[in-house]
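Raw contents of data-v9.tsv, TSV, C-alpha atoms:
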chain	number	residue	atom	x	y	z
P	1	MET	CA	177.86	47.09	35.23
P	2	ARG	CA	176.00	43.82	35.70
P	3	THR	CA	172.66	43.69	37.47
P	4	ALA	CA	170.01	41.13	38.26
P	5	GLY	CA	166.98	41.17	36.00
P	6	LEU	CA	163.27	40.47	36.21
P	7	THR	CA	160.82	39.46	33.51
P	8	MET	CA	158.37	41.94	32.07
P	9	ASN	CA	155.42	39.88	33.27
P	10	ASP	CA	156.52	40.38	36.88
P	11	VAL	CA	153.99	42.19	39.04
P	12	TRP	CA	156.54	44.91	39.88
P	13	ALA	CA	156.84	45.85	36.22
P	14	HIS	CA	153.15	46.75	36.08
P	15	ARG	CA	153.45	48.76	39.28
P	16	VAL	CA	156.41	50.68	37.92
P	17	LEU	CA	154.51	51.55	34.76
P	18	ARG	CA	151.54	52.81	36.79
P	19	GLU	CA	153.57	54.88	39.24
P	20	ARG	CA	153.98	58.57	38.53
P	21	GLY	CA	157.10	60.51	39.29
P	22	VAL	CA	159.28	57.41	38.97
P	23	GLU	CA	162.27	57.69	36.66
P	24	THR	CA	162.08	54.89	34.09
P	25	TYR	CA	163.56	54.16	30.69
P	26	ARG	CA	161.69	52.03	28.13
P	27	LEU	CA	163.68	50.47	25.32
P	28	LYS	CA	162.11	48.44	22.50
P	29	GLY	CA	163.70	46.12	19.95
P	30	VAL	CA	167.09	46.09	21.62
P	31	THR	CA	169.58	43.84	19.87
P	32	ALA	CA	171.02	41.51	22.48
P	33	GLU	CA	172.81	38.25	23.03
P	34	LEU	CA	171.17	35.64	25.25
P	35	GLY	CA	173.07	33.34	27.57
P	36	VAL	CA	171.08	30.07	27.55
P	37	MET	CA	171.93	26.99	29.61
P	38	VAL	CA	171.17	24.19	27.13
P	39	GLU	CA	169.30	21.32	28.75
P	40	SER	CA	168.40	19.16	25.72
P	41	LEU	CA	169.12	18.99	22.00
P	42	ASP	CA	167.08	16.75	19.67
P	43	LEU	CA	167.37	15.98	15.97
P	44	LYS	CA	163.97	16.57	14.33
P	45	HIS	CA	162.59	16.66	10.79
P	46	ARG	CA	160.23	19.00	9.01
P	47	GLY	CA	157.02	17.81	7.37
P	48	LYS	CA	156.53	16.33	3.94
P	49	GLU	CA	155.95	19.75	2.38
P	50	GLU	CA	159.55	20.64	3.38
P	51	ASN	CA	160.97	17.27	2.23
P	52	TYR	CA	161.58	16.14	5.84
P	53	ARG	CA	164.51	18.52	6.20
P	54	PRO	CA	166.43	17.87	9.46
P	55	TYR	CA	166.89	20.49	12.15
P	56	LEU	CA	167.89	20.70	15.85
P	57	HIS	CA	165.45	21.58	18.62
P	58	MET	CA	167.19	23.12	21.61
P	59	THR	CA	165.60	23.77	25.00
P	60	GLY	CA	167.20	25.57	27.91
P	61	GLU	CA	166.97	28.29	30.56
P	62	LEU	CA	167.75	31.97	30.17
P	63	ARG	CA	170.76	32.99	32.28
P	64	SER	CA	171.77	36.39	30.92
P	65	VAL	CA	170.92	39.16	28.45
P	66	THR	CA	173.79	41.20	27.03
P	67	PRO	CA	172.65	44.22	24.95
P	68	ALA	CA	174.74	45.29	21.97
P	69	GLU	CA	174.98	48.76	23.51
P	70	ALA	CA	175.10	49.67	27.17
P	71	LEU	CA	171.81	50.51	28.86
P	72	PRO	CA	171.21	53.60	31.00
P	73	PHE	CA	173.32	53.77	34.14
P	74	ASP	CA	176.06	51.93	32.21
P	75	ILE	CA	174.36	48.52	32.51
P	76	SER	CA	176.24	46.07	30.29
P	77	GLN	CA	174.52	42.79	31.25
P	78	VAL	CA	171.37	41.53	32.96
P	79	THR	CA	171.69	38.21	34.77
P	80	TYR	CA	169.25	35.61	36.15
P	81	SER	CA	169.81	33.10	38.93
P	82	PRO	CA	169.39	29.37	38.14
P	83	GLY	CA	165.69	28.57	38.14
P	84	GLN	CA	164.67	32.23	37.76
P	85	GLY	CA	165.16	32.64	34.04
P	86	GLU	CA	162.55	31.96	31.36
P	87	LYS	CA	162.46	28.77	29.31
P	88	VAL	CA	163.95	29.11	25.85
P	89	ASP	CA	163.13	27.06	22.74
P	90	ALA	CA	165.39	27.50	19.73
P	91	PHE	CA	165.44	25.79	16.33
P	92	TYR	CA	168.76	25.42	14.52
P	93	GLU	CA	168.50	25.11	10.72
P	94	PHE	CA	171.25	23.37	8.73
P	95	ASP	CA	172.27	24.83	5.39
P	96	ASP	CA	172.88	22.63	2.33
P	97	GLN	CA	176.62	22.38	2.90
P	98	GLN	CA	176.10	21.29	6.50
P	99	LEU	CA	173.64	18.61	5.33
P	100	VAL	CA	176.30	17.23	2.99
P	101	VAL	CA	178.69	17.07	5.95
P	102	LEU	CA	176.10	15.23	8.05
P	103	ALA	CA	175.52	12.74	5.24
P	104	SER	CA	179.25	12.08	4.92
P	105	LYS	CA	179.37	11.42	8.69
P	106	GLY	CA	176.75	8.69	8.49
P	107	TYR	CA	173.50	10.61	8.82
P	108	PHE	CA	171.66	7.72	7.09
P	109	THR	CA	173.01	5.06	9.45
P	110	SER	CA	171.48	3.73	12.66
P	111	GLY	CA	174.38	4.89	14.87
P	112	PHE	CA	174.00	8.57	13.99
P	113	ALA	CA	173.10	10.62	17.10
P	114	VAL	CA	173.27	14.13	18.52
P	115	PRO	CA	176.59	14.80	20.30
P	116	GLU	CA	176.35	14.96	24.08
P	117	GLN	CA	179.06	17.59	24.54
P	118	VAL	CA	176.78	20.37	23.28
P	119	THR	CA	174.34	20.03	26.20
P	120	GLY	CA	174.89	21.15	29.79
P	121	ILE	CA	176.78	24.25	28.64
P	122	GLU	CA	175.77	27.86	28.08
P	123	TRP	CA	175.11	29.02	24.53
P	124	GLU	CA	175.11	32.58	23.26
P	125	LEU	CA	172.13	33.13	20.98
P	126	PRO	CA	171.09	36.29	19.10
P	127	ALA	CA	167.73	37.88	19.90
P	128	THR	CA	165.86	41.15	20.31
P	129	ALA	CA	164.24	42.33	23.53
P	130	ASP	CA	162.13	45.04	25.10
P	131	MET	CA	163.54	46.49	28.34
P	132	LEU	CA	162.28	48.64	31.18
P	133	VAL	CA	164.95	50.24	33.39
P	134	LEU	CA	163.93	51.57	36.79
P	135	ALA	CA	166.39	54.22	38.03
P	136	PRO	CA	167.73	53.96	41.58
P	137	SER	CA	166.34	56.27	44.22
P	138	GLY	CA	167.93	59.70	44.56
P	139	THR	CA	169.05	59.04	48.11
P	140	GLN	CA	172.43	57.51	48.71
P	141	ILE	CA	171.34	54.12	50.07
P	142	GLU	CA	173.84	51.31	50.23
P	143	GLY	CA	173.02	48.61	47.72
P	144	ASP	CA	170.58	50.77	45.81
P	145	ALA	CA	170.87	49.89	42.09
P	146	PRO	CA	168.75	50.15	38.96
P	147	VAL	CA	166.24	47.38	38.22
P	148	VAL	CA	165.85	45.99	34.70
P	149	PHE	CA	162.75	44.18	33.38
P	150	THR	CA	163.18	42.27	30.11
P	151	GLN	CA	160.89	40.66	27.52
P	152	ILE	CA	162.60	38.52	24.86
P	153	HIS	CA	160.96	38.40	21.44
P	154	ASP	CA	159.95	34.87	20.29
P	155	ILE	CA	161.59	33.24	23.28
P	156	GLY	CA	159.52	30.11	22.62
P	157	GLY	CA	160.61	29.80	18.99
P	158	LEU	CA	163.98	31.35	18.21
P	159	GLU	CA	165.13	30.65	14.65
P	160	ILE	CA	168.92	30.38	14.46
P	161	ASP	CA	171.48	29.04	12.00
P	162	LEU	CA	175.18	29.09	11.27
P	163	GLU	CA	175.15	32.68	10.04
P	164	SER	CA	173.11	34.20	12.89
P	165	SER	CA	174.55	32.23	15.81
P	166	GLY	CA	178.10	31.54	14.61
P	167	TYR	CA	177.84	27.89	15.72
P	168	ASP	CA	178.68	25.24	13.14
P	169	LEU	CA	176.92	22.35	14.88
P	170	ALA	CA	177.53	19.95	12.00
P	171	GLY	CA	181.18	19.82	13.05
P	172	TYR	CA	180.27	18.49	16.51
P	173	PHE	CA	178.69	15.29	15.17
P	174	ALA	CA	180.87	12.18	15.32
P	175	ASP	CA	181.71	10.27	12.15
P	176	HIS	CA	179.54	7.12	11.95
P	177	SER	CA	179.97	6.50	8.23
P	178	LYS	CA	182.16	3.39	8.76
P	179	ASP	CA	180.85	1.81	11.94
P	180	GLY	CA	177.13	2.52	11.39
P	181	VAL	CA	174.67	0.13	9.77
P	182	PRO	CA	172.57	1.36	6.84
P	183	ARG	CA	169.02	2.04	7.96
P	184	ALA	CA	167.63	-0.21	5.23
P	185	GLU	CA	169.19	-3.20	6.99
P	186	VAL	CA	167.83	-2.59	10.48
P	187	VAL	CA	164.36	-2.87	11.93
P	188	VAL	CA	162.94	0.65	11.89
P	189	ASP	CA	159.53	2.21	12.06
P	190	ALA	CA	157.85	2.27	8.66
P	191	ARG	CA	157.08	5.99	8.92
P	192	GLY	CA	160.67	6.82	9.87
P	193	LEU	CA	161.98	4.73	7.00
P	194	LYS	CA	159.71	6.50	4.54
P	195	ALA	CA	160.70	9.90	5.91
P	196	ARG	CA	164.39	9.12	5.50
P	197	SER	CA	163.82	7.68	2.01
P	198	ASP	CA	162.02	10.84	0.93
P	199	ALA	CA	164.78	12.93	2.48
P	200	ILE	CA	167.41	11.03	0.49
P	201	ASN	CA	165.58	11.51	-2.79
P	202	SER	CA	164.73	15.16	-2.28
P	203	LEU	CA	167.67	16.74	-0.47
P	204	PHE	CA	170.82	15.29	-2.01
P	205	THR	CA	172.22	13.99	-5.25
P	206	GLU	CA	174.81	11.26	-5.52
P	207	ASP	CA	177.41	13.82	-6.58
P	208	GLU	CA	176.81	15.91	-3.45
P	209	LEU	CA	177.01	12.90	-1.18
P	210	GLY	CA	180.17	11.64	-2.90
P	211	LEU	CA	178.94	8.06	-3.02
P	212	ASN	CA	181.28	5.60	-4.74
P	213	THR	CA	180.34	2.44	-6.61
P	214	GLU	CA	180.81	0.27	-3.53
P	215	VAL	CA	178.22	2.27	-1.61
P	216	LYS	CA	175.84	1.97	-4.57
P	217	GLN	CA	176.23	-1.80	-4.54
P	218	VAL	CA	175.54	-1.96	-0.80
P	219	VAL	CA	172.43	0.22	-1.12
P	220	GLY	CA	171.16	-1.71	-4.15
P	221	ALA	CA	171.83	-5.14	-2.68
P	222	PRO	CA	168.87	-6.99	-1.18
P	223	ALA	CA	168.56	-6.66	2.59
P	224	PRO	CA	168.05	-10.15	4.02
P	225	GLU	CA	167.01	-8.82	7.42
P	226	VAL	CA	164.04	-6.83	6.10
P	227	ALA	CA	161.99	-9.96	5.28
P	228	PRO	CA	162.04	-11.32	8.84
P	229	ALA	CA	161.05	-7.90	10.09
P	230	ALA	CA	158.14	-7.84	7.65
P	231	ASP	CA	157.11	-11.35	8.70
P	232	GLY	CA	157.25	-10.35	12.34
P	233	MET	CA	155.19	-7.25	11.65
P	234	SER	CA	152.63	-9.35	9.73
P	235	ALA	CA	152.37	-11.84	12.59
P	236	HIS	CA	151.95	-8.99	15.05
P	237	LEU	CA	149.17	-7.48	12.93
P	238	GLN	CA	147.42	-10.84	12.69
P	239	GLN	CA	147.59	-11.19	16.46
P	240	ILE	CA	146.07	-7.73	16.89
P	241	GLU	CA	143.29	-8.58	14.42
P	242	ALA	CA	142.54	-11.80	16.31
P	243	GLU	CA	142.35	-9.91	19.60
P	244	ILE	CA	140.02	-7.32	18.07
P	245	ALA	CA	137.80	-10.08	16.63
P	246	ALA	CA	137.66	-11.82	20.02
P	247	GLU	CA	136.73	-8.57	21.75
P	248	ARG	CA	134.05	-7.89	19.13
P	249	GLU	CA	132.59	-11.38	19.55
P	250	GLN	CA	132.58	-11.03	23.33
P	251	TYR	CA	130.84	-7.67	23.04
P	252	GLN	CA	128.19	-9.09	20.71
P	253	THR	CA	127.62	-12.02	23.08
P	254	GLU	CA	127.15	-9.65	26.00
P	255	ARG	CA	124.74	-7.54	23.97
P	256	ALA	CA	122.78	-10.62	22.95
P	257	SER	CA	122.41	-11.71	26.58
P	258	THR	CA	121.34	-8.25	27.77
P	259	GLU	CA	117.57	-7.92	27.85
P	260	GLY	CA	116.11	-5.09	25.82
P	261	THR	CA	118.98	-4.72	23.35
P	262	THR	CA	118.58	-5.15	19.59
P	263	GLU	CA	120.86	-8.20	19.59
P	264	ASN	CA	118.82	-9.82	22.38
P	265	LEU	CA	115.53	-9.31	20.53
P	266	TYR	CA	116.99	-10.76	17.35
P	267	ARG	CA	118.34	-13.83	19.14
P	268	GLU	CA	115.10	-14.50	21.08
P	269	ARG	CA	112.53	-13.80	18.39
P	270	VAL	CA	114.15	-14.10	14.96
P	271	ALA	CA	117.12	-16.43	15.25
P	272	ALA	CA	115.25	-18.93	17.46
P	273	ALA	CA	112.36	-19.17	14.97
P	274	LEU	CA	114.74	-19.63	12.04
P	275	GLN	CA	116.63	-22.38	13.84
P	276	THR	CA	113.38	-24.26	14.64
P	277	ALA	CA	112.27	-24.04	11.01
P	278	GLU	CA	115.59	-25.39	9.79
P	279	GLU	CA	115.43	-28.32	12.19
P	280	GLN	CA	111.92	-29.30	10.93
P	281	GLU	CA	112.93	-29.31	7.28
P	282	GLU	CA	113.65	-32.71	5.62
P	283	PRO	CA	117.29	-33.37	4.98
P	284	PHE	CA	118.36	-32.78	1.42
P	285	ALA	CA	119.00	-35.99	-0.51
P	286	PRO	CA	122.47	-36.41	-1.97
P	287	PRO	CA	122.81	-36.06	-5.76
P	288	VAL	CA	122.29	-39.21	-7.92
P	289	PRO	CA	124.94	-40.19	-10.46
P	290	PRO	CA	123.93	-39.55	-14.12
P	291	HIS	CA	123.92	-43.21	-15.26
P	292	GLU	CA	121.79	-44.31	-12.34
P	293	ALA	CA	119.39	-41.45	-13.01
P	294	ARG	CA	118.94	-42.52	-16.67
P	295	ARG	CA	118.39	-46.15	-15.62
P	296	ASP	CA	115.78	-45.18	-13.07
P	297	LEU	CA	114.09	-42.96	-15.66
P	298	ASN	CA	113.84	-45.82	-18.21
P	299	ARG	CA	112.46	-48.14	-15.57
P	300	ASP	CA	109.85	-45.58	-14.61
P	301	LEU	CA	108.84	-45.12	-18.26
P	302	ASP	CA	108.39	-48.92	-18.72
P	303	LEU	CA	106.27	-49.11	-15.62
P	304	GLN	CA	104.15	-46.24	-16.83
P	305	LEU	CA	103.60	-47.89	-20.25
P	306	GLU	CA	102.64	-51.21	-18.67
P	307	GLU	CA	100.28	-49.45	-16.33
P	308	GLN	CA	98.66	-47.58	-19.24
P	309	GLU	CA	98.26	-50.81	-21.23
P	310	SER	CA	96.63	-52.62	-18.31
P	311	ARG	CA	94.29	-49.71	-17.79
P	312	ARG	CA	93.40	-49.72	-21.50
P	313	ARG	CA	92.53	-53.41	-21.37
P	314	GLU	CA	90.48	-52.99	-18.24
P	315	ALA	CA	88.64	-50.09	-19.76
P	316	LYS	CA	87.58	-52.11	-22.94
P	317	PRO	CA	83.78	-52.96	-22.77
P	318	ALA	CA	82.59	-56.64	-22.63
P	319	PRO	CA	81.36	-58.09	-26.02
P	320	SER	CA	77.62	-58.51	-26.61
P	321	LEU	CA	75.82	-61.88	-27.18
P	322	ASP	CA	75.76	-61.48	-30.95
P	323	GLU	CA	79.41	-60.60	-30.89
P	324	ARG	CA	80.16	-63.68	-28.83
P	325	LYS	CA	78.21	-65.86	-31.33
P	326	ARG	CA	80.09	-64.35	-34.25
P	327	GLN	CA	83.39	-65.02	-32.54
P	328	VAL	CA	82.40	-68.69	-31.85
P	329	ALA	CA	81.30	-69.22	-35.45
P	330	GLN	CA	84.49	-67.69	-36.72
P	331	ARG	CA	86.47	-69.93	-34.39
P	332	ALA	CA	84.63	-73.02	-35.63
P	333	ALA	CA	85.22	-72.08	-39.24
P	334	ASP	CA	88.87	-71.72	-38.54
P	335	LEU	CA	88.92	-75.17	-37.03
P	336	ASP	CA	87.05	-76.73	-40.01
P	337	PHE	CA	89.46	-75.10	-42.36
P	338	GLY	CA	92.29	-76.59	-40.48
P	339	GLU	CA	90.91	-80.13	-40.76
P	340	ASP	CA	90.20	-79.81	-44.53
P	341	GLY	CA	93.75	-78.62	-45.01
P	342	GLU	CA	95.12	-81.65	-43.22
P	343	GLN	CA	92.99	-84.03	-45.32
P	344	SER	CA	94.08	-82.42	-48.55
P	345	LEU	CA	97.67	-82.80	-47.45
P	346	GLU	CA	97.19	-86.50	-46.64
P	347	SER	CA	95.65	-87.20	-50.03
Just give me the structure as structure tokens.
Amino acid sequence: MRTAGLTMNDVWAHRVLRERGVETYRLKGVTAELGVMVESLDLKHRGKEENYRPYLHMTGELRSVTPAEALPFDISQVTYSPGQGEKVDAFYEFDDQQLVVLASKGYFTSGFAVPEQVTGIEWELPATADMLVLAPSGTQIEGDAPVVFTQIHDIGGLEIDLESSGYDLAGYFADHSKDGVPRAEVVVDARGLKARSDAINSLFTEDELGLNTEVKQVVGAPAPEVAPAADGMSAHLQQIEAEIAAEREQYQTERASTEGTTENLYRERVAAALQTAEEQEEPFAPPVPPHEARRDLNRDLDLQLEEQESRRREAKPAPSLDERKRQVAQRAADLDFGEDGEQSLES
């Protein structure tokens, strides 16, 4: 028998548990299969500590719970109307063989994407649940049926894989190995590129991927489109730095013009005084060439010597009268000697 279900956090579930004399059945850890209407499916990656291992994040709505064994009153399935079921988050882990299949289908190319045909349909996922079954009333009332309250374990983080769910999702991905472009040759986010590079180095070997020599040559060849992307990124960063510098300058200008701020006090009292002092200083003379400097030095030395000599002469005391007489007599003797010499020469 199929019956409509309610969640365990419903107000009626608490009332049923508090009521006495009501026939109820509590079941814990029931193995069941969930019917989940899948709304979205995204390809995600683990962190660096897990080598950026890829996985699928599925979100959907609970539509049914089918226990492995029938519940009391021969209940085989509990159903939920659209919009009434709980939200389900499940995480699908790929095994190593499935990762090899994804790589062979172009996982490392830009065209690789999650297939659309796996969304908008109902999945059957394994889970465990706690259930509370409220027995119908003893009176024969038309439409009277048991009520089932359910609580799914880890409904916000179901861990599933190929073995537990039976779904081989790697087979649903389209083959993009031939029409896709290697990610090293397209403009990608630097963090995404690093994540994929680490994933390549850590998860697979060349033997597992089945790469031939032609693929090695393509991967090893220089990517001419990376340089323009780097140049564009550099120009964009420079533009951002210029905008930040302009904003910083504008902020400092506003602070300097606001009375009472530190910048305003510095501009009015310190910077103004320094600028006035610099304007009053004599301009610095340009440097003199070496040969001109030596010539000017020699000329200065000659002038100093001449000045010292003139001062020495001016400082010499005037001769006395006796000294003057001695000088005159000596001068006369010199003259007489000169005349006697000329007469001796004539004779």
Would you kindly return, as an mmCIF file with C-alpha atoms, keeping the file's coordinate frame, each protein, DNA or RNA residue with an atom no farther than 10 Å from any atom of P:Glu86, considering only C-alpha atoms and excluding same-chain residues fewer than 6 positions away?
data_model
loop_
_atom_site.group_PDB
_atom_site.id
_atom_site.type_symbol
_atom_site.label_atom_id
_atom_site.label_comp_id
_atom_site.auth_asym_id
_atom_site.auth_seq_id
_atom_site.Cartn_x
_atom_site.Cartn_y
_atom_site.Cartn_z
ATOM 1 C CA LEU P 6 163.270 40.470 36.210
ATOM 2 C CA THR P 7 160.820 39.460 33.510
ATOM 3 C CA VAL P 36 171.080 30.070 27.550
ATOM 4 C CA GLY P 60 167.200 25.570 27.910
ATOM 5 C CA GLU P 61 166.970 28.290 30.560
ATOM 6 C CA LEU P 62 167.750 31.970 30.170
ATOM 7 C CA ARG P 63 170.760 32.990 32.280
ATOM 8 C CA TYR P 80 169.250 35.610 36.150
ATOM 9 C CA GLN P 151 160.890 40.660 27.520
ATOM 10 C CA ILE P 152 162.600 38.520 24.860
ATOM 11 C CA ILE P 155 161.590 33.240 23.280
ATOM 12 C CA GLY P 156 159.520 30.110 22.620
#
Pairwise distance for atom CA of P:Ser104 and atom CA of P:Gly157, rounded to one decimal in Å: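 Taking atom CA of P:Ser104 as the start and atom CA of P:Gly157 as the end point, the length is 29.3 Å.
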Which value, in Å to one decimal, gives the distance between atom CA of P:Asp74 and atom CA of P:Trp123?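 Taking atom CA of P:Asp74 as the start and atom CA of P:Trp123 as the end point, the length is 24.2 Å.
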Name the residues, using the chain letters and numbers of the file, that sit within 6 Å of (161.1, 27.2, 25.5) when counting only C-alpha atoms, and give them as a list in words. Thr59, Lys87, Val88, Asp89 and Gly156 of chain P
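Proximity ranking of P:Leu17, P:Arg326, P:Gln77, P:Gln252 relative to P:Tyr266 places P:Gln252 first, based on all atoms listed in the file.
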From the coordinates supplied, stretch 53-78 of chain P should be written with C-alpha atoms, as a PDB file, in the first residue's frame.
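Contents of decode.pdb, as written:
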ATOM      1  CA  ARG P  53      39.433  15.249  -7.049  1.00  0.00           C
ATOM      2  CA  PRO P  54      36.247  15.855  -9.100  1.00  0.00           C
ATOM      3  CA  TYR P  55      32.784  14.937  -7.890  1.00  0.00           C
ATOM      4  CA  LEU P  56      29.126  15.723  -8.714  1.00  0.00           C
ATOM      5  CA  HIS P  57      26.872  17.797  -6.469  1.00  0.00           C
ATOM      6  CA  MET P  58      23.218  16.934  -6.943  1.00  0.00           C
ATOM      7  CA  THR P  59      20.281  18.890  -5.517  1.00  0.00           C
ATOM      8  CA  GLY P  60      16.640  17.905  -5.706  1.00  0.00           C
ATOM      9  CA  GLU P  61      13.344  17.334  -3.902  1.00  0.00           C
ATOM     10  CA  LEU P  62      12.227  14.235  -2.042  1.00  0.00           C
ATOM     11  CA  ARG P  63       9.255  12.575  -3.765  1.00  0.00           C
ATOM     12  CA  SER P  64       9.064   9.112  -2.201  1.00  0.00           C
ATOM     13  CA  VAL P  65      10.539   6.757   0.395  1.00  0.00           C
ATOM     14  CA  THR P  66      10.448   3.033  -0.337  1.00  0.00           C
ATOM     15  CA  PRO P  67      11.539   0.852   2.627  1.00  0.00           C
ATOM     16  CA  ALA P  68      13.385  -2.387   1.942  1.00  0.00           C
ATOM     17  CA  GLU P  69      10.729  -4.214   3.947  1.00  0.00           C
ATOM     18  CA  ALA P  70       7.054  -3.372   4.240  1.00  0.00           C
ATOM     19  CA  LEU P  71       5.998  -1.197   7.166  1.00  0.00           C
ATOM     20  CA  PRO P  72       3.123  -2.011   9.516  1.00  0.00           C
ATOM     21  CA  PHE P  73      -0.279  -2.114   7.859  1.00  0.00           C
ATOM     22  CA  ASP P  74       1.467  -3.380   4.712  1.00  0.00           C
ATOM     23  CA  ILE P  75       2.789   0.074   3.724  1.00  0.00           C
ATOM     24  CA  SER P  76       5.216  -0.369   0.835  1.00  0.00           C
ATOM     25  CA  GLN P  77       5.893   3.280  -0.084  1.00  0.00           C
ATOM     26  CA  VAL P  78       5.514   6.776   1.347  1.00  0.00           C
TER      27      VAL P  78
END
